[in-house]
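Chemist: This is the content of model-v8.tsv (TSV, C-alpha atoms and all ligand atoms):
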```
chain	number	residue	atom	x	y	z
A	75	MET	CA	-15.01	-13.89	24.20
A	76	ILE	CA	-15.54	-16.42	21.43
A	77	GLY	CA	-19.28	-15.87	21.81
A	78	ARG	CA	-18.79	-12.12	21.35
A	79	ALA	CA	-16.63	-12.79	18.29
A	80	ARG	CA	-19.34	-14.91	16.71
A	81	GLU	CA	-22.00	-12.30	17.46
A	82	LEU	CA	-19.85	-9.61	15.85
A	83	ASP	CA	-19.34	-11.82	12.80
A	84	ALA	CA	-23.05	-12.53	12.50
A	85	ALA	CA	-23.80	-8.80	12.56
A	86	ASP	CA	-20.93	-7.84	10.23
A	87	PRO	CA	-22.22	-6.19	7.03
A	88	LEU	CA	-18.95	-7.18	5.31
A	89	GLY	CA	-19.16	-10.83	6.40
A	90	GLU	CA	-20.42	-11.99	3.02
A	91	TYR	CA	-17.31	-10.70	1.24
A	92	ARG	CA	-15.03	-13.30	2.77
A	93	SER	CA	-16.46	-15.84	0.35
A	94	ARG	CA	-15.27	-13.69	-2.56
A	95	PHE	CA	-11.65	-14.51	-1.63
A	96	THR	CA	-9.68	-17.74	-1.70
A	97	LEU	CA	-8.27	-18.40	1.75
A	98	PRO	CA	-6.68	-21.75	2.62
A	99	ASP	CA	-8.35	-23.77	5.37
A	100	GLY	CA	-6.74	-23.49	8.75
A	101	VAL	CA	-5.06	-20.21	7.97
A	102	ILE	CA	-5.65	-16.92	9.77
A	103	TYR	CA	-4.19	-14.43	7.37
A	104	LEU	CA	-2.86	-11.33	9.10
A	105	ASP	CA	-0.55	-10.24	6.30
A	106	GLY	CA	-2.97	-8.73	3.82
A	107	ASN	CA	-1.09	-5.47	4.32
A	108	SER	CA	1.91	-7.09	2.64
A	109	LEU	CA	0.25	-9.34	0.06
A	110	GLY	CA	-3.53	-9.16	-0.24
A	111	ALA	CA	-5.51	-12.41	-0.57
A	112	LEU	CA	-6.56	-13.81	-3.93
A	113	PRO	CA	-10.01	-12.65	-5.14
A	114	LYS	CA	-11.94	-15.70	-6.37
A	115	ASP	CA	-12.71	-13.99	-9.68
A	116	ALA	CA	-9.04	-13.34	-10.47
A	117	PRO	CA	-8.01	-16.74	-11.93
A	118	GLU	CA	-10.93	-16.75	-14.36
A	119	ALA	CA	-10.34	-13.15	-15.39
A	120	MET	CA	-6.69	-13.95	-16.04
A	121	GLN	CA	-7.58	-17.12	-17.92
A	122	ARG	CA	-9.78	-15.04	-20.21
A	123	VAL	CA	-7.01	-12.52	-20.84
A	124	ILE	CA	-4.47	-15.28	-21.43
A	125	LYS	CA	-6.52	-17.74	-23.47
A	126	SER	CA	-8.82	-15.48	-25.41
A	127	GLU	CA	-7.24	-12.02	-25.56
A	128	TRP	CA	-3.64	-13.19	-25.83
A	129	GLY	CA	-4.12	-16.64	-27.34
A	130	GLU	CA	-6.77	-15.76	-29.90
A	131	GLY	CA	-6.65	-12.00	-30.19
A	132	LEU	CA	-2.88	-11.75	-30.24
A	133	ILE	CA	-1.62	-8.25	-31.11
A	134	ARG	CA	-5.16	-7.20	-32.05
A	135	SER	CA	-6.09	-7.16	-28.37
A	136	TRP	CA	-4.20	-3.91	-27.81
A	137	ASN	CA	-7.16	-2.34	-29.62
A	138	ASP	CA	-9.95	-4.91	-29.44
A	139	ALA	CA	-9.60	-5.69	-25.73
A	140	ASP	CA	-8.37	-2.15	-24.99
A	141	TRP	CA	-5.11	-3.29	-23.45
A	142	PHE	CA	-3.86	0.15	-24.43
A	143	GLY	CA	-6.37	1.91	-22.18
A	144	MET	CA	-6.11	-0.48	-19.24
A	145	ALA	CA	-3.64	1.48	-17.12
A	146	ALA	CA	-5.76	4.64	-17.20
A	147	ARG	CA	-9.01	2.71	-16.81
A	148	ILE	CA	-7.81	0.97	-13.64
A	149	GLY	CA	-6.36	4.22	-12.37
A	150	GLY	CA	-9.80	5.73	-12.80
A	151	LYS	CA	-11.28	2.99	-10.63
A	152	ILE	CA	-8.68	3.56	-7.90
A	153	ALA	CA	-9.34	7.32	-7.92
A	154	PRO	CA	-12.52	7.34	-5.78
A	155	LEU	CA	-10.72	5.31	-3.11
A	156	ILE	CA	-8.23	8.16	-2.59
A	157	GLY	CA	-10.32	11.26	-3.21
A	158	ALA	CA	-9.00	11.83	-6.72
A	159	ARG	CA	-10.63	12.37	-10.10
A	160	PRO	CA	-10.55	9.42	-12.51
A	161	ASP	CA	-8.26	11.26	-14.92
A	162	GLU	CA	-5.69	11.94	-12.20
A	163	VAL	CA	-4.63	8.35	-11.45
A	164	ILE	CA	-2.87	5.71	-13.52
A	165	ALA	CA	-1.82	2.13	-12.76
A	166	CYS	CA	1.78	1.65	-13.84
A	167	ASP	CA	5.26	0.54	-12.81
A	168	THR	CA	6.13	-0.15	-9.17
A	169	VAL	CA	5.75	2.14	-6.19
A	170	SER	CA	9.53	2.62	-6.23
A	171	VAL	CA	9.68	3.66	-9.88
A	172	ASN	CA	6.70	5.98	-9.50
A	173	ILE	CA	8.38	7.60	-6.50
A	174	PHE	CA	11.48	8.24	-8.58
A	175	LYS	CA	9.50	9.79	-11.42
A	176	LEU	CA	7.47	12.05	-9.18
A	177	ILE	CA	10.32	13.26	-6.96
A	178	ALA	CA	12.35	14.16	-10.04
A	179	ALA	CA	9.35	15.89	-11.61
A	180	ALA	CA	8.61	17.82	-8.42
A	181	LEU	CA	12.22	19.03	-8.14
A	182	GLU	CA	12.05	20.42	-11.66
A	183	MET	CA	8.90	22.34	-10.70
A	184	ARG	CA	10.70	24.11	-7.82
A	185	PRO	CA	13.88	25.52	-9.35
A	186	GLY	CA	16.24	26.92	-6.73
A	187	ARG	CA	15.08	24.41	-4.12
A	188	LYS	CA	16.63	20.96	-3.76
A	189	VAL	CA	15.54	19.55	-0.44
A	190	VAL	CA	13.24	16.55	-0.31
A	191	LEU	CA	11.95	16.33	3.25
A	192	SER	CA	10.87	13.01	4.72
A	193	GLU	CA	11.08	11.16	8.03
A	194	PRO	CA	13.79	8.76	9.17
A	195	GLY	CA	12.35	5.26	9.25
A	196	ASN	CA	10.08	5.88	6.27
A	197	PHE	CA	9.73	2.79	4.06
A	198	PRO	CA	13.27	2.12	2.78
A	199	THR	CA	12.54	2.43	-0.93
A	200	ASP	CA	11.12	5.91	-0.41
A	201	ILE	CA	14.34	7.07	1.23
A	202	TYR	CA	16.60	5.19	-1.19
A	203	MET	CA	14.93	6.97	-4.09
A	204	ILE	CA	15.79	10.35	-2.58
A	205	GLU	CA	19.37	9.11	-2.10
A	206	GLY	CA	19.61	8.02	-5.72
A	207	LEU	CA	18.52	11.44	-6.92
A	208	GLU	CA	20.91	13.06	-4.46
A	209	ARG	CA	23.79	11.10	-5.94
A	210	GLN	CA	22.81	12.42	-9.34
A	211	GLY	CA	23.05	15.94	-7.95
A	212	LEU	CA	19.34	16.62	-8.29
A	213	ALA	CA	18.10	16.32	-4.72
A	214	ALA	CA	19.22	17.00	-1.16
A	215	GLN	CA	17.81	14.66	1.44
A	216	ARG	CA	16.51	16.00	4.76
A	217	LEU	CA	14.98	13.64	7.32
A	218	ALA	CA	13.12	15.01	10.32
A	219	PRO	CA	11.38	12.99	13.05
A	220	ARG	CA	7.62	13.22	12.72
A	221	GLU	CA	7.16	15.76	15.51
A	222	GLN	CA	9.69	18.06	13.86
A	223	ILE	CA	8.52	17.93	10.26
A	224	MET	CA	6.57	21.18	10.38
A	225	ALA	CA	9.60	22.97	11.81
A	226	ALA	CA	11.87	21.49	9.12
A	227	LEU	CA	9.86	23.13	6.32
A	228	ASP	CA	11.78	26.13	5.01
A	229	GLU	CA	12.49	27.90	1.73
A	230	ASP	CA	14.93	25.17	0.64
A	231	VAL	CA	12.31	22.42	0.69
A	232	ALA	CA	11.04	21.58	-2.77
A	233	LEU	CA	9.02	18.56	-1.75
A	234	LEU	CA	7.56	17.04	1.40
A	235	MET	CA	7.32	13.29	0.86
A	236	LEU	CA	5.74	11.11	3.52
A	237	THR	CA	3.97	7.79	3.89
A	238	HIS	CA	0.45	8.23	5.26
A	239	ALA	CA	0.32	5.05	7.38
A	240	HIS	CA	3.72	3.91	8.64
A	241	TYR	CA	4.56	0.41	7.44
A	242	LYS	CA	6.13	-0.64	10.72
A	243	THR	CA	4.13	1.07	13.43
A	244	GLY	CA	0.89	1.91	11.65
A	245	GLU	CA	1.05	5.54	12.83
A	246	VAL	CA	-0.80	7.87	10.48
A	247	PHE	CA	0.07	11.43	9.62
A	248	ASP	CA	-2.42	14.28	9.61
A	249	MET	CA	-2.28	14.60	5.85
A	250	ALA	CA	-4.36	17.74	5.57
A	251	ALA	CA	-2.40	19.73	8.16
A	252	LEU	CA	1.00	18.74	6.73
A	253	THR	CA	-0.08	19.39	3.16
A	254	GLN	CA	-1.25	22.85	4.16
A	255	ALA	CA	1.95	23.62	6.08
A	256	ALA	CA	4.15	22.48	3.20
A	257	HIS	CA	2.19	24.53	0.70
A	258	ASN	CA	2.47	27.57	2.97
A	259	SER	CA	6.24	27.19	2.81
A	260	GLY	CA	6.17	26.93	-0.97
A	261	ALA	CA	6.86	23.18	-1.16
A	262	LEU	CA	4.99	20.54	-3.11
A	263	VAL	CA	3.54	17.52	-1.31
A	264	PHE	CA	3.82	13.84	-2.17
A	265	TRP	CA	1.99	11.10	-0.25
A	266	ASP	CA	2.84	7.41	-0.32
A	267	LEU	CA	-0.49	5.65	0.23
A	268	SER	CA	0.84	2.08	0.08
A	269	HIS	CA	-0.53	1.20	3.52
A	270	SER	CA	-3.72	3.23	3.19
A	271	THR	CA	-5.34	2.54	-0.16
A	272	GLY	CA	-8.21	0.12	0.26
A	273	ALA	CA	-8.23	0.33	4.06
A	274	LEU	CA	-8.19	4.00	5.11
A	275	PRO	CA	-10.11	6.93	3.70
A	276	VAL	CA	-7.93	9.47	1.90
A	277	ASP	CA	-9.07	12.71	0.31
A	278	LEU	CA	-6.23	13.90	-1.90
A	279	ASN	CA	-8.17	16.64	-3.65
A	280	GLY	CA	-9.88	17.72	-0.45
A	281	MET	CA	-6.46	18.65	0.91
A	282	ASP	CA	-5.00	19.84	-2.42
A	283	ALA	CA	-2.24	17.22	-2.47
A	284	ASP	CA	0.10	17.41	-5.45
A	285	PHE	CA	1.33	13.84	-5.92
A	286	ALA	CA	0.67	10.37	-4.53
A	287	VAL	CA	1.59	6.77	-5.15
A	288	GLY	CA	0.18	3.54	-3.79
A	289	CYS	CA	0.55	-0.18	-3.91
A	290	GLY	CA	-1.45	-2.69	-5.96
A	291	TYR	CA	-0.60	-5.88	-4.09
A	292	LYS	CA	-1.48	-4.90	-0.51
A	293	TYR	CA	-5.06	-3.95	0.37
A	294	LEU	CA	-6.03	-3.73	-3.32
A	295	CYS	CA	-5.40	-7.48	-3.69
A	296	GLY	CA	-3.82	-7.19	-7.15
A	297	GLY	CA	-1.44	-10.14	-6.69
A	298	PRO	CA	2.30	-10.47	-6.08
A	299	GLY	CA	4.20	-7.64	-7.75
A	300	ALA	CA	1.01	-6.06	-9.05
A	301	PRO	CA	1.45	-2.73	-10.83
A	302	ALA	CA	1.34	0.28	-8.53
A	303	PHE	CA	-0.53	3.53	-9.13
A	304	ALA	CA	0.39	7.18	-9.28
A	305	PHE	CA	-1.66	10.35	-8.79
A	306	VAL	CA	-0.86	13.81	-10.11
A	307	ALA	CA	-3.30	16.64	-9.40
A	308	GLU	CA	-4.86	17.83	-12.62
A	309	ARG	CA	-3.50	21.37	-12.16
A	310	HIS	CA	0.03	19.99	-12.64
A	311	HIS	CA	-0.60	17.92	-15.76
A	312	GLY	CA	0.54	20.75	-18.03
A	313	ASP	CA	3.79	21.61	-16.23
A	314	LEU	CA	4.88	18.17	-15.10
A	315	LYS	CA	8.00	16.70	-16.69
A	316	GLN	CA	8.79	13.23	-15.50
A	317	PRO	CA	12.27	11.88	-16.24
A	318	LEU	CA	11.43	8.41	-17.60
A	319	THR	CA	10.35	9.66	-20.99
A	320	GLY	CA	9.44	6.31	-22.46
A	321	TRP	CA	7.27	5.85	-25.49
A	322	PHE	CA	4.13	4.89	-23.54
A	323	GLY	CA	4.08	8.37	-22.02
A	324	HIS	CA	4.20	9.97	-25.45
A	325	ALA	CA	1.19	11.87	-26.74
A	326	ARG	CA	1.12	9.55	-29.79
A	327	PRO	CA	3.25	6.46	-29.16
A	328	PHE	CA	2.35	4.99	-32.51
A	329	ALA	CA	3.48	8.02	-34.45
A	330	PHE	CA	7.01	6.66	-33.75
A	331	SER	CA	8.30	10.20	-33.80
A	332	ASP	CA	11.93	11.07	-33.01
A	333	GLU	CA	10.76	13.88	-30.72
A	334	TYR	CA	9.37	13.15	-27.32
A	335	GLU	CA	6.08	14.93	-26.74
A	336	LYS	CA	4.44	14.00	-23.48
A	337	ALA	CA	0.81	12.93	-23.33
A	338	PRO	CA	-1.31	15.79	-22.03
A	339	GLY	CA	-3.08	13.80	-19.32
A	340	ILE	CA	-2.09	11.32	-16.62
A	341	GLU	CA	-0.89	8.89	-19.36
A	342	GLN	CA	2.33	10.97	-19.41
A	343	LEU	CA	3.42	9.06	-16.30
A	344	GLN	CA	3.75	5.81	-18.21
A	345	CYS	CA	7.16	4.71	-19.38
A	346	GLY	CA	7.13	1.40	-21.24
A	347	THR	CA	4.53	-1.14	-22.36
A	348	SER	CA	1.80	-1.90	-19.81
A	349	PRO	CA	2.09	-5.25	-17.98
A	350	VAL	CA	-1.26	-6.50	-19.21
A	351	LEU	CA	-1.42	-9.73	-17.17
A	352	GLY	CA	-0.55	-7.90	-13.96
A	353	LEU	CA	-3.08	-5.22	-14.71
A	354	ALA	CA	-5.76	-7.84	-15.40
A	355	ALA	CA	-5.32	-9.31	-11.92
A	356	LEU	CA	-5.13	-5.87	-10.33
A	357	GLU	CA	-8.40	-4.83	-11.92
A	358	VAL	CA	-10.26	-7.69	-10.22
A	359	GLY	CA	-8.94	-6.67	-6.81
A	360	VAL	CA	-9.68	-3.00	-7.38
A	361	ASP	CA	-13.23	-3.76	-8.53
A	362	LEU	CA	-13.89	-5.85	-5.45
A	363	ILE	CA	-12.43	-3.36	-2.97
A	364	ALA	CA	-14.29	-0.51	-4.69
A	365	GLU	CA	-17.52	-2.52	-4.47
A	366	ILE	CA	-17.12	-2.89	-0.71
A	367	GLY	CA	-16.17	0.77	-0.31
A	368	VAL	CA	-13.51	2.45	1.76
A	369	ALA	CA	-15.81	3.81	4.47
A	370	ARG	CA	-17.07	0.35	5.39
A	371	LEU	CA	-13.59	-1.15	5.12
A	372	HIS	CA	-12.17	1.46	7.45
A	373	GLN	CA	-14.91	0.99	10.02
A	374	LYS	CA	-14.42	-2.77	10.04
A	375	SER	CA	-10.64	-2.45	10.17
A	376	GLN	CA	-10.91	-0.37	13.33
A	377	ALA	CA	-13.44	-2.74	14.88
A	378	LEU	CA	-11.19	-5.75	14.15
A	379	SER	CA	-8.09	-4.23	15.69
A	380	GLU	CA	-9.98	-2.97	18.73
A	381	PHE	CA	-11.42	-6.44	19.27
A	382	PHE	CA	-7.97	-7.99	18.86
A	383	LEU	CA	-6.66	-5.71	21.61
A	384	GLU	CA	-9.56	-6.78	23.84
A	385	CYS	CA	-8.65	-10.42	23.23
A	386	VAL	CA	-4.99	-9.71	24.03
A	387	ALA	CA	-6.06	-8.12	27.31
A	388	HIS	CA	-8.42	-11.03	27.99
A	389	HIS	CA	-5.50	-13.46	27.73
A	390	GLY	CA	-3.44	-11.24	30.04
A	391	LEU	CA	-0.76	-11.06	27.35
A	392	ASP	CA	2.16	-8.85	28.19
A	393	VAL	CA	3.28	-7.43	24.85
A	394	GLU	CA	4.30	-3.89	24.03
A	395	LEU	CA	1.99	-2.20	21.54
A	396	VAL	CA	3.97	0.15	19.33
A	397	SER	CA	1.01	1.18	17.20
A	398	PRO	CA	-1.11	4.06	18.49
A	399	ALA	CA	-3.65	2.85	21.05
A	400	ASP	CA	-6.22	5.18	19.49
A	401	ALA	CA	-7.74	3.42	16.46
A	402	ALA	CA	-8.26	6.74	14.69
A	403	ALA	CA	-4.50	7.37	14.79
A	404	ARG	CA	-3.38	4.15	13.14
A	405	GLY	CA	-3.62	2.23	9.91
A	406	SER	CA	-5.14	-1.22	9.53
A	407	GLN	CA	-2.51	-3.02	11.61
A	408	LEU	CA	-1.18	-3.60	15.09
A	409	SER	CA	2.53	-3.88	15.75
A	410	PHE	CA	4.03	-5.29	18.90
A	411	ARG	CA	7.61	-5.00	20.08
A	412	HIS	CA	9.20	-8.10	21.54
A	413	PRO	CA	12.90	-9.07	21.77
A	414	HIS	CA	11.95	-12.46	20.26
A	415	ALA	CA	9.52	-11.14	17.67
A	416	TYR	CA	11.10	-13.18	14.85
A	417	PRO	CA	10.78	-16.68	16.36
A	418	ILE	CA	7.36	-15.79	17.78
A	419	CYS	CA	6.23	-14.85	14.29
A	420	GLN	CA	7.61	-18.14	12.92
A	421	ALA	CA	5.87	-20.16	15.65
A	422	LEU	CA	2.60	-18.41	14.81
A	423	ILE	CA	3.05	-19.16	11.11
A	424	ALA	CA	3.59	-22.83	11.98
A	425	ARG	CA	0.20	-22.69	13.68
A	426	GLY	CA	-1.38	-21.13	10.58
A	427	VAL	CA	-1.48	-17.58	11.93
A	428	ILE	CA	0.36	-15.62	9.26
A	429	GLY	CA	1.68	-12.23	10.30
A	430	ASP	CA	5.12	-10.84	9.64
A	431	PHE	CA	8.29	-9.61	11.26
A	432	ARG	CA	9.86	-6.24	10.67
A	433	ALA	CA	13.42	-5.77	11.83
A	434	PRO	CA	14.67	-5.41	14.43
A	435	ASP	CA	11.97	-6.48	16.91
A	436	ILE	CA	8.45	-5.91	15.55
A	437	LEU	CA	5.69	-8.49	15.19
A	438	ARG	CA	3.30	-6.93	12.70
A	439	LEU	CA	-0.29	-8.08	12.34
A	440	GLY	CA	-2.35	-6.64	9.51
A	441	PHE	CA	-6.13	-6.62	9.53
A	442	ALA	CA	-7.37	-6.65	5.96
A	443	PRO	CA	-11.01	-5.81	6.59
A	444	ALA	CA	-12.42	-7.31	3.39
A	445	TYR	CA	-11.93	-10.92	4.41
A	446	LEU	CA	-11.12	-11.25	8.10
A	447	ARG	CA	-13.57	-12.33	10.80
A	448	PHE	CA	-13.79	-11.36	14.44
A	449	GLU	CA	-13.39	-15.03	15.23
A	450	ASP	CA	-9.98	-14.84	13.52
A	451	MET	CA	-9.04	-12.10	15.98
A	452	PHE	CA	-9.98	-14.27	18.92
A	453	GLU	CA	-8.10	-17.28	17.58
A	454	ALA	CA	-5.00	-15.29	16.62
A	455	ALA	CA	-4.78	-13.74	20.09
A	456	ARG	CA	-5.20	-17.19	21.65
A	457	HIS	CA	-2.38	-18.62	19.52
A	458	LEU	CA	-0.15	-15.67	20.37
A	459	ALA	CA	-0.82	-16.15	24.08
A	460	GLU	CA	-0.03	-19.87	23.82
A	461	VAL	CA	3.15	-19.37	21.80
A	462	ILE	CA	4.47	-16.93	24.38
A	463	SER	CA	3.31	-18.66	27.58
A	464	SER	CA	4.52	-22.12	26.47
A	465	GLU	CA	7.77	-20.66	25.10
A	466	GLU	CA	7.09	-22.64	21.95
A	467	TRP	CA	8.97	-19.94	20.00
A	468	LYS	CA	12.23	-21.21	21.54
A	469	ARG	CA	12.27	-24.21	19.21
A	470	GLU	CA	15.39	-24.15	17.13
A	471	GLU	CA	13.63	-24.17	13.75
A	472	TYR	CA	11.88	-20.87	14.51
A	473	GLY	CA	15.18	-19.01	14.82
A	474	ARG	CA	16.36	-19.44	11.25
A	475	ARG	CA	15.88	-16.31	9.13
A	476	ALA	CA	14.23	-16.65	5.74
A	477	ALA	CA	14.99	-14.25	2.86
A	478	VAL	CA	11.57	-12.64	3.13
A	479	THR	CA	10.36	-11.94	6.65
B	1	LIG	C1	4.93	-1.73	0.05
B	1	LIG	C2	5.51	-0.38	-0.01
B	1	LIG	C3	6.29	0.01	-1.11
B	1	LIG	C4	6.58	-1.01	-2.18
B	1	LIG	O1	7.31	-0.56	-3.24
B	1	LIG	P1	7.50	-1.49	-4.51
B	1	LIG	O2	8.30	-0.68	-5.41
B	1	LIG	O3	6.12	-1.79	-5.05
B	1	LIG	O4	8.16	-2.73	-4.08
B	1	LIG	C5	6.76	1.31	-1.15
B	1	LIG	N1	6.49	2.19	-0.16
B	1	LIG	C6	5.76	1.84	0.93
B	1	LIG	C7	5.48	2.82	2.00
B	1	LIG	C8	5.27	0.54	1.02
B	1	LIG	O5	4.56	0.18	2.08
```
Could you express the structure from this file as structure tokens?
Ligand SMILES: *Cc1c(COP(=O)(O)O)cnc(C)c1O
Modeler:
Amino acid sequence: MIGRARELDAADPLGEYRSRFTLPDGVIYLDGNSLGALPKDAPEAMQRVIKSEWGEGLIRSWNDADWFGMAARIGGKIAPLIGARPDEVIACDTVSVNIFKLIAAALEMRPGRKVVLSEPGNFPTDIYMIEGLERQGLAAQRLAPREQIMAALDEDVALLMLTHAHYKTGEVFDMAALTQAAHNSGALVFWDLSHSTGALPVDLNGMDADFAVGCGYKYLCGGPGAPAFAFVAERHHGDLKQPLTGWFGHARPFAFSDEYEKAPGIEQLQCGTSPVLGLAALEVGVDLIAEIGVARLHQKSQALSEFFLECVAHHGLDVELVSPADAAARGSQLSFRHPHAYPICQALIARGVIGDFRAPDILRLGFAPAYLRFEDMFEAARHLAEVISSEEWKREEYGRRAAVT
């Protein structure tokens, strides 16, 4: 098996990209779906922004270094990764805040309808945002299990909002079919691409999606708390009214007018001043992921997870796979259910194999294709087999819950 792993690594067209990331020795990093690794170019890029643009340029850098245009520029670079046009995507705020803005905007575009349809078990923030708008009297939440979503679309549904690749199980939705069905029922469609962007191909315009958001710090490697991005199809730019009418979304922020007039393009989604340092780090990650290309990343992601499953079988490991067994039906991760998933995850981390735990009983292993090797798959499966067969996870220290799991 290790021989096969090394052969696969030697033949891997993405093998060279590992050296473009900083990865600590002795660590097998299977959590790039939660916090992407550090691109080697990021510290220098940030140093330049801090020392030269901030330190020397001071306020002049809003013009001279185009800090003002950064959010739209980076959005334009994310666009080809998700099948959007460059002027339809902007890097701003967090996923949560962008979800709020776009749900509220969508509801205003469908007067007479209040229901936001999603699935139970969607990423918590997505559901909480619907709840917040419900409390304000603007939305009505409806959650339908994934098999029943089509049937739950009726004339009350203003917006279908789903996450493409499920954060816990990795199951992916058929985006095109659901988008079509929702449109047929008169609803708008909003995709959360947090677990897709930079790992799975997405074609927003090919399926006529209305809205999307995605995460900057996962597969895009933008750093902890990196700005997120938001997509609005160009056909909606005229009608859209987002609720966080801050000055950065104004057509002319520096006119300092008393009247809000939204920017005509995707810039209207901005609220306050751009987080320049965060955007500077994000841009490095986006450039690198775009350079590798989503098609190659997706192919490698599938090959990695398939090989991991082979290694698990090779070790005769008895763990319950909750992700789809068919690589085409899952995101870039494998999730396993085990009653002792938490201490197993901690024991793995102690061995340098960093995955994560998702309550109540899921061990989640993410396969960021830009920097992982097939040899890592072999080694991670070996460690997992040893932790379980030796019952190493039973050690007391592995049972204590940290704040972030
Ligand atoms: C990671 C993730 C988020 C994160 O939201 P933040 O506001 O950036 O913390 C939201 N939705 C999904 C589906 C995610 O996977």
Chemist: Taking all atoms listed in the file and a cut-off of 6 Å, can you tell me which residues surround ligand LIG 1 (chain B), written as a tab-separated table (two decimals) with C-alpha atoms, in the frame of the given file?
Modeler:
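See part.tsv below for the written result:
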```tsv
chain	number	residue	atom	x	y	z
A	168	THR	CA	6.13	-0.15	-9.17
A	169	VAL	CA	5.75	2.14	-6.19
A	170	SER	CA	9.53	2.62	-6.23
A	197	PHE	CA	9.73	2.79	4.06
A	199	THR	CA	12.54	2.43	-0.93
A	200	ASP	CA	11.12	5.91	-0.41
A	237	THR	CA	3.97	7.79	3.89
A	241	TYR	CA	4.56	0.41	7.44
A	266	ASP	CA	2.84	7.41	-0.32
A	268	SER	CA	0.84	2.08	0.08
A	269	HIS	CA	-0.53	1.20	3.52
A	289	CYS	CA	0.55	-0.18	-3.91
```
Chemist: What's the 10 Å shell around segment 374-391 of chain A, counting only C-alpha atoms, without same-chain residues fewer than 6 positions away, as a PDB file with C-alpha atoms, in the frame of the given file?
Modeler:
```pdb
ATOM      1  CA  MET A  75     -15.010 -13.890  24.200  1.00  0.00           C
ATOM      2  CA  ILE A  76     -15.540 -16.420  21.430  1.00  0.00           C
ATOM      3  CA  ARG A  78     -18.790 -12.120  21.350  1.00  0.00           C
ATOM      4  CA  ALA A  79     -16.630 -12.790  18.290  1.00  0.00           C
ATOM      5  CA  LEU A  82     -19.850  -9.610  15.850  1.00  0.00           C
ATOM      6  CA  ASP A  86     -20.930  -7.840  10.230  1.00  0.00           C
ATOM      7  CA  PRO A  87     -22.220  -6.190   7.030  1.00  0.00           C
ATOM      8  CA  LEU A  88     -18.950  -7.180   5.310  1.00  0.00           C
ATOM      9  CA  ALA A 273      -8.230   0.330   4.060  1.00  0.00           C
ATOM     10  CA  LEU A 274      -8.190   4.000   5.110  1.00  0.00           C
ATOM     11  CA  VAL A 368     -13.510   2.450   1.760  1.00  0.00           C
ATOM     12  CA  ALA A 399      -3.650   2.850  21.050  1.00  0.00           C
ATOM     13  CA  ASP A 400      -6.220   5.180  19.490  1.00  0.00           C
ATOM     14  CA  ALA A 401      -7.740   3.420  16.460  1.00  0.00           C
ATOM     15  CA  ALA A 402      -8.260   6.740  14.690  1.00  0.00           C
ATOM     16  CA  ARG A 404      -3.380   4.150  13.140  1.00  0.00           C
ATOM     17  CA  GLY A 405      -3.620   2.230   9.910  1.00  0.00           C
ATOM     18  CA  SER A 406      -5.140  -1.220   9.530  1.00  0.00           C
ATOM     19  CA  GLN A 407      -2.510  -3.020  11.610  1.00  0.00           C
ATOM     20  CA  LEU A 408      -1.180  -3.600  15.090  1.00  0.00           C
ATOM     21  CA  LEU A 439      -0.290  -8.080  12.340  1.00  0.00           C
ATOM     22  CA  GLY A 440      -2.350  -6.640   9.510  1.00  0.00           C
ATOM     23  CA  PHE A 441      -6.130  -6.620   9.530  1.00  0.00           C
ATOM     24  CA  ALA A 442      -7.370  -6.650   5.960  1.00  0.00           C
ATOM     25  CA  PRO A 443     -11.010  -5.810   6.590  1.00  0.00           C
ATOM     26  CA  ALA A 444     -12.420  -7.310   3.390  1.00  0.00           C
ATOM     27  CA  LEU A 446     -11.120 -11.250   8.100  1.00  0.00           C
ATOM     28  CA  ARG A 447     -13.570 -12.330  10.800  1.00  0.00           C
ATOM     29  CA  PHE A 448     -13.790 -11.360  14.440  1.00  0.00           C
ATOM     30  CA  GLU A 449     -13.390 -15.030  15.230  1.00  0.00           C
ATOM     31  CA  ASP A 450      -9.980 -14.840  13.520  1.00  0.00           C
ATOM     32  CA  MET A 451      -9.040 -12.100  15.980  1.00  0.00           C
ATOM     33  CA  PHE A 452      -9.980 -14.270  18.920  1.00  0.00           C
ATOM     34  CA  GLU A 453      -8.100 -17.280  17.580  1.00  0.00           C
ATOM     35  CA  ALA A 454      -5.000 -15.290  16.620  1.00  0.00           C
ATOM     36  CA  ALA A 455      -4.780 -13.740  20.090  1.00  0.00           C
ATOM     37  CA  ARG A 456      -5.200 -17.190  21.650  1.00  0.00           C
ATOM     38  CA  LEU A 458      -0.150 -15.670  20.370  1.00  0.00           C
ATOM     39  CA  ALA A 459      -0.820 -16.150  24.080  1.00  0.00           C
ATOM     40  CA  GLU A 460      -0.030 -19.870  23.820  1.00  0.00           C
ATOM     41  CA  ILE A 462       4.470 -16.930  24.380  1.00  0.00           C
ATOM     42  CA  SER A 463       3.310 -18.660  27.580  1.00  0.00           C
TER      43      SER A 463
END
```
Chemist: Taking only C-alpha atoms into account, name the residue in A:Pro275, A:Pro349, A:Gly320, A:Gly426 that is nearest to Ala153 of chain A.
Modeler: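 Result for the nearest residue to Ala153 of chain A: A:Pro275.
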Chemist: Looking at A:Trp136, A:Phe431, A:Tyr334, A:Phe285, which one is nearest to Lys242 of chain A, with distances taken over all atoms listed in the file?
Modeler: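 The shortest atom-to-atom distance to Lys242 of chain A comes from A:Phe431.
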Chemist: May I have the centre and edge lengths, in Å to one decimal, of an axis-aligned box around the listed atoms of segment 212-219 of chain A with 4 Å added to every side, as lines of an AutoDock Vina configuration file?
Modeler:
```
center_x = 15.4
center_y = 15.0
center_z = 2.4
size_x = 16.0
size_y = 12.0
size_z = 29.3
```
Chemist: Report, in Å with one decimal, the straight-line distance from atom CA of Leu353 of chain A to atom CA of Trp141 of chain A.
Modeler: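 The value is 9.2 Å.
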